[in-house]
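S.K.: Sharing a structure with you now.
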Amino acid sequence: RNITSRAFAVVASALGIPALLPFLKAVCASRKSWQARHTGIKVVQQVAVLMGCAILPYLRELVDCVSHGLVDEQQKVRTITALTVAALAEAAYPYGIESFDPIIRPLWKGGKEHYGKGLAAFLKAIGFVIPLMEEKFASHYTRIVIPILLREVH
């Protein structure tokens, strides 16, 4: 899945993200195979890593593409989705908070419910989304996440 996702990211950079969006939407929403969903979401992650701020015009579509993965029944899909959200937020910094609005609640819910690697992925995503926010919202959400961090450190 790693090699496949990196290859598709190279194809996306060559052909352009719009050429791959219909395919990515279909694969990320696959009901037949969690591995297909995982790979599709990982492709989005690799596109964000490879293309950086060039994803900004397509950020909303990419976030929508992976958003359902935050509540997937498979732990591995939820984890890769959170890591993908982190990569998208990192690539978009300091812009694009509006694109992340639909996934703010599932991110916080995941941060409160998960543990281990899953929690680490959700905290990483939260950590990259918070700097995109206006100061008062960033302060509010930081206050919410600190108890979770303290619980895990102690």
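Going through the structure tokens in order, the chains are called A, B, and so on, while each chain numbers its residues from 1 and the ligands are numbered from 1 in the order shown.
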Segment 84-91 of chain A: which residues within 9 Å, counting only C-alpha atoms, same-chain residues fewer than 4 positions away excluded, as a ChimeraX atom specification?
M.R.: /A:41-49,51-56,59,62-63,66-67,79-80,95-97,100,121-122,124-129,131-132
S.K.: Using only C-alpha atoms, which protein or nucleic acid residues come within 7 Å of segment 70-76 of chain A? Drop anything in the same chain fewer than 5 positions from it, and give the result as a PyMOL selection string.
M.R.: chain A and resi 81-82+106
S.K.: Enumerate, as JSON, numbers by chain, the complete set of residues in chain A that a backbone-based DSSP assignment places in alpha helix (DSSP H).
M.R.: {"A": [2, 3, 4, 5, 6, 7, 8, 9, 10, 11, 12, 13, 14, 15, 17, 18, 19, 20, 21, 22, 23, 24, 25, 26, 27, 28, 34, 35, 36, 37, 38, 39, 40, 41, 42, 43, 44, 45, 46, 47, 48, 49, 50, 51, 59, 60, 61, 62, 63, 64, 65, 66, 67, 75, 76, 77, 78, 79, 80, 81, 82, 83, 84, 85, 86, 87, 88, 89, 90, 91, 92, 97, 98, 99, 100, 104, 105, 106, 107, 108, 109, 110, 111, 112, 113, 116, 117, 118, 119, 120, 121, 122, 123, 124, 125, 126, 127, 128, 129, 135, 136, 137, 138, 139, 140, 141, 142, 143, 144, 145, 146, 147, 148, 149, 150, 151, 152, 153]}
S.K.: Could you state the separation of atom CA of Gly16 of chain A and atom CA of Gly69 of chain A in Å, given to one decimal place?
M.R.: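 Interatomic distance here is 23.5 Å.
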S.K.: Within 9 Å of Ile130 of chain A, counting only C-alpha atoms, which residues qualify if same-chain residues fewer than 5 places away don't, as a PyMOL selection string?
M.R.: chain A and resi 97+125+137-139+141-142
S.K.: Save out the residues we just selected, C-alpha atoms, as a PDB file, in the first residue's frame.
M.R.:
```pdb
ATOM      1  CA  ILE A  97      -9.009  26.254   8.259  1.00  0.00           C
ATOM      2  CA  ALA A 125      -3.863  15.890  13.443  1.00  0.00           C
ATOM      3  CA  PHE A 137     -10.357  29.314  18.815  1.00  0.00           C
ATOM      4  CA  ALA A 138      -6.820  27.933  18.947  1.00  0.00           C
ATOM      5  CA  SER A 139      -6.634  28.878  22.635  1.00  0.00           C
ATOM      6  CA  TYR A 141      -9.066  23.941  21.596  1.00  0.00           C
ATOM      7  CA  THR A 142      -5.609  23.900  23.147  1.00  0.00           C
TER       8      THR A 142
END
```
S.K.: Closest to Glu113 of chain A among A:Arg143, A:Arg78, A:Lys136, A:Lys25, using only C-alpha atoms?
M.R.: A:Arg78
